[in-house]
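Student: Quick one: the structure is below, and I'll ask about it shortly.
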Amino acid sequence: MRRVLLVEDEANSIHAIAEYLEACGFGVRVARDGAEAMRAAEEFAPDALLCDWLLGGSVDGHTVVRELVCRIPGLAVVLISGLPAGAVRADSRDLPVRAFVAKPSTLAEIGRALEAALATPASPSRSAHPQR
Amino acid sequence: MSEPIERLVSTSPLAPEPRGSNPRSPTDGTSLPEVLLEMIPAGAVLCAGPDGRRWQLNARGRELLGLGPEERSPATAPFSLRMWLAEDEDSDPLRTVLTSGRPVLGKSTCMQHSDGSVLRTLASVAPLQGTTGLGDGFGRGAIAVFEQLPSADRPPPSPPPEHPKSKSAEHTDQLAAVGALTAGIIHEINNPLNSIMVNAELGLLDLEKQRVTPRLRRVLRTIVQDVKRCGSITHSILELARSDRGAMQSHDPNEIVRAAAELVRSYCQMHDATLEMALAEVPRIPLNRTTMEHAIVNLLRNAIESGGRGVRLRVGTRLAADEVLVTVSDDGPGIEGADLERIFQPLYSAAPGRRGTGLGLSLVQRIVEAHGGSIDVASIRGAGSTFCLRIPRHGGDRAR
């Protein structure tokens with residue numbers, strides 16, 4: 001079973017997205033902030049990371065992605081944000097992000113973005129040396 | 001104007017961007033900030049990035065400057081713009097605001113584009129935090145909103161009097177203030193919209209299977225909650241936009257505090273909060289009653305929401321030198337040091353579980369600054385917080 005770590009500080013949407021992805025056959029772990037995501041990734045070892053870009057708390061989306069792609073080689077990263085996708089693309093250009101989802105999005109769009117990210121081969125030159 | 005236009009162009013934040021450095025083409029999808037920019041009924045320039053090299057002029061601005069539809073940004077036409085304060089030809093209010101992050105409101109300014117003609121304007125420039133949609137990512141930007149002043153061909157000999165301001169000056173300032181919040185608003189509305197979308201879809205999946213499940217009830221409740229969240233955000237924006245209804249007039253600050261306290265009475269009851277008033281004798285001062293009442297209500301609601309059930313609030317007034325102070329104190333959990341530095345930022349909410357919209361305190365700050373005043377906060381972890389509005393007794397330099 002492919003495993004997805006879902007990092008989202010919006011309490012009202014995180015469970016709906018998690019239930020949908022589970023119904024699609026993914027193993028899902030949810031984290032409500034960056035620090036929880038770091039801890040969860042240790043034991044959960046996800047294949048994909050679906051991460052909100054602007055997270056509450058002291059660990060932001062950029063840090064979560066940068067740290068986890070170092071720890072988990074080949075991690076498929078999908079970013080989701082209420083900011084325009086172009087802005088998030090620009091701010092995350094130093095990270096090996098494979099897909100972007102702009103809120104508001106449908107569940108199917110989220111599912112397709114994850115499938116596409118998991119089907120994309122990792123780019124070793126970028127994921128090995130993330131810079132900021 | 002003594003400097004050649006070439007030099008102005010090379011040093012201005014509105015100079016053309018080097019060819020090929022802007023990844024956006026004119027055929028790119030139009031972003032929400034761009035749509036909002038075009039809709040502003042005054043001239044407006046949005047610029048982004050630390051050096052302000054990405055910028056865009058709206059339809060009314062092109063009309064005032066006599067420019068064609070293509071001449072809206074250096075990405076669509078080879079032209080440049082420069083803006084300076086009428087009182088200082090070497091000034092550059094857009095760059096000043098980009099650097100300082102502080103607004104410049106209701107100033108007599110001049111604008112000049114590549115053909116050399118000068119337009120006299122009344123302008124306000126406000127900082128933006130977030131994304132401007134100009135391809136510069138999430139960072140700092142600025143918006144200048146302007147209207148034409150008479151005698152377009154030469155700058156005035158001296159700045160116009162600051163008081164009383166015309167209706168259009170106040171309106172221009174408010175548009176700039178609204179513009180500064182745009183980025184935060186987009187993000188704050190898209191989040192509940194996303195929640196509404198995904199929860200509605202889950203509910204539909206259940207209905208398609210002819211099942212009325214506990215999950216269906218849950219997702220419908222969530223949708224209602226998120227629609228209310230969107231409503232409270234649009235309500236905040238409307239309050240700000242409506243703020244020109246009551247221009248600056250002499251008011252008794254205590255009367256406004258009493259009215260604000262009355263407005264939160266039932267909200268206090270809902271949260272078992274108690275509100276005590278300590279109103280000293282203070283003079284009547286120039287106030288915009290609508291916005292000041294809104295600011296005090298926002299502070300009280302913020303204290304109730306962050307203080308938790310049973311919180312005790314105290315709202316007070318007093319005179320200190322040339323300022324009237326309005327203080328709102330609570331005995332809630334207080335605010336962390338790291339949060340204290342950020343609570344006035346438009347996107348930031350330190351309320352537990354992020355119940356607020358993250359817009360309330362930034363609106364309060366803008367309102368008190370529009371009165372020429374300031375806001376500060378003191379907090380002790382575990383012992384509560386005190387917000388203090390300092391309003392100049394005779395109206396400040398920045399008051400509008």
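So you can find residues: chains in the structure tokens are A, B, ... in the order shown, residues in each start at 1, and ligands are numbered from 1 in order.
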Write out as number ranges by chain all residues of chain A that DSSP puts in strand (DSSP E or B) for this structure's backbone.

Tutor: A: 3-7, 27-31, 48-52, 76-81, 97-102

Student: Could you list, as a ChimeraX atom specification, every residue within 6 Å of range 145-148 of chain B, counting only C-alpha atoms and ignoring same-chain residues fewer than 4 positions away?

Tutor: /B:42-44,120-124,176

Student: Can you pull out every residue within 8 Å of Thr106 in chain A, counting only C-alpha atoms, but drop anything in the same chain fewer than 5 positions away, and send it as an MDAnalysis selection string?

Tutor: chainID B and resid 194 197:198 201

Student: Please write the residues from the selection above to a file, keeping N, CA, C and O atoms, as an mmCIF file, in the first residue's frame.

Tutor:
data_model
loop_
_atom_site.group_PDB
_atom_site.id
_atom_site.type_symbol
_atom_site.label_atom_id
_atom_site.label_comp_id
_atom_site.auth_asym_id
_atom_site.auth_seq_id
_atom_site.Cartn_x
_atom_site.Cartn_y
_atom_site.Cartn_z
ATOM 1 N N ASN B 194 -11.781 25.572 0.262
ATOM 2 C CA ASN B 194 -11.275 24.219 0.010
ATOM 3 C C ASN B 194 -11.972 23.217 0.919
ATOM 4 O O ASN B 194 -12.365 22.125 0.487
ATOM 5 N N MET B 197 -15.396 22.563 -0.338
ATOM 6 C CA MET B 197 -15.346 21.705 -1.526
ATOM 7 C C MET B 197 -15.165 20.227 -1.149
ATOM 8 O O MET B 197 -15.947 19.372 -1.552
ATOM 9 N N VAL B 198 -14.145 19.929 -0.350
ATOM 10 C CA VAL B 198 -13.853 18.519 -0.094
ATOM 11 C C VAL B 198 -14.927 17.879 0.787
ATOM 12 O O VAL B 198 -15.267 16.701 0.605
ATOM 13 N N GLU B 201 -18.041 17.209 -1.365
ATOM 14 C CA GLU B 201 -17.836 16.044 -2.235
ATOM 15 C C GLU B 201 -18.016 14.735 -1.464
ATOM 16 O O GLU B 201 -18.613 13.782 -1.977
#

Student: Here is a test: counting only C-alpha atoms, which residue of A:Ile110, A:Ala41, A:Val28, A:Glu10 is nearest to Leu54 in chain A?

Tutor: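 Nearest to Leu54 in chain A: A:Glu10.
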
Student: Return as JSON lines the residues of chain A lying at most 10 Å from chain B, together with the closest atom-to-atom pair for each and the distance in Å to one decimal, counting only C-alpha atoms, with rows in chain order and ascending residue number.

Tutor:
{"residue": "A:Asp9", "atom": "CA", "partner": "B:Gly353", "partner_atom": "CA", "distance": 9.0}
{"residue": "A:Glu10", "atom": "CA", "partner": "B:Asn191", "partner_atom": "CA", "distance": 7.4}
{"residue": "A:Ala11", "atom": "CA", "partner": "B:Gly353", "partner_atom": "CA", "distance": 8.5}
{"residue": "A:Asn12", "atom": "CA", "partner": "B:Ser195", "partner_atom": "CA", "distance": 5.8}
{"residue": "A:Ser13", "atom": "CA", "partner": "B:Ser195", "partner_atom": "CA", "distance": 4.4}
{"residue": "A:Ile14", "atom": "CA", "partner": "B:Ser195", "partner_atom": "CA", "distance": 8.2}
{"residue": "A:His15", "atom": "CA", "partner": "B:Asn199", "partner_atom": "CA", "distance": 9.0}
{"residue": "A:Ala16", "atom": "CA", "partner": "B:Asn199", "partner_atom": "CA", "distance": 5.8}
{"residue": "A:Ile17", "atom": "CA", "partner": "B:Val198", "partner_atom": "CA", "distance": 6.7}
{"residue": "A:Glu19", "atom": "CA", "partner": "B:Leu202", "partner_atom": "CA", "distance": 8.5}
{"residue": "A:Tyr20", "atom": "CA", "partner": "B:Leu202", "partner_atom": "CA", "distance": 7.4}
{"residue": "A:Leu54", "atom": "CA", "partner": "B:His187", "partner_atom": "CA", "distance": 9.3}
{"residue": "A:Gly56", "atom": "CA", "partner": "B:Arg354", "partner_atom": "CA", "distance": 8.5}
{"residue": "A:Gly57", "atom": "CA", "partner": "B:Ala350", "partner_atom": "CA", "distance": 9.4}
{"residue": "A:Ser58", "atom": "CA", "partner": "B:Ala338", "partner_atom": "CA", "distance": 9.4}
{"residue": "A:Ser81", "atom": "CA", "partner": "B:Asn191", "partner_atom": "CA", "distance": 7.9}
{"residue": "A:Gly82", "atom": "CA", "partner": "B:His187", "partner_atom": "CA", "distance": 4.7}
{"residue": "A:Leu83", "atom": "CA", "partner": "B:His187", "partner_atom": "CA", "distance": 5.3}
{"residue": "A:Pro84", "atom": "CA", "partner": "B:Gly133", "partner_atom": "CA", "distance": 7.3}
{"residue": "A:Ala85", "atom": "CA", "partner": "B:Gly137", "partner_atom": "CA", "distance": 9.4}
{"residue": "A:Gly86", "atom": "CA", "partner": "B:Gly135", "partner_atom": "CA", "distance": 6.6}
{"residue": "A:Ala87", "atom": "CA", "partner": "B:Gly137", "partner_atom": "CA", "distance": 4.0}
{"residue": "A:Val88", "atom": "CA", "partner": "B:Gly137", "partner_atom": "CA", "distance": 6.4}
{"residue": "A:Arg89", "atom": "CA", "partner": "B:Gly137", "partner_atom": "CA", "distance": 7.6}
{"residue": "A:Ala90", "atom": "CA", "partner": "B:Gly137", "partner_atom": "CA", "distance": 5.2}
{"residue": "A:Asp91", "atom": "CA", "partner": "B:Gly137", "partner_atom": "CA", "distance": 5.5}
{"residue": "A:Ser92", "atom": "CA", "partner": "B:Gly137", "partner_atom": "CA", "distance": 9.0}
{"residue": "A:Ala102", "atom": "CA", "partner": "B:Asn190", "partner_atom": "CA", "distance": 8.8}
{"residue": "A:Lys103", "atom": "CA", "partner": "B:Asn194", "partner_atom": "CA", "distance": 5.4}
{"residue": "A:Pro104", "atom": "CA", "partner": "B:Asn194", "partner_atom": "CA", "distance": 3.9}
{"residue": "A:Ser105", "atom": "CA", "partner": "B:Asn194", "partner_atom": "CA", "distance": 5.9}
{"residue": "A:Thr106", "atom": "CA", "partner": "B:Val198", "partner_atom": "CA", "distance": 6.0}
{"residue": "A:Leu107", "atom": "CA", "partner": "B:Val198", "partner_atom": "CA", "distance": 5.8}
{"residue": "A:Ala108", "atom": "CA", "partner": "B:Val198", "partner_atom": "CA", "distance": 9.4}
{"residue": "A:Ile110", "atom": "CA", "partner": "B:Val198", "partner_atom": "CA", "distance": 9.8}
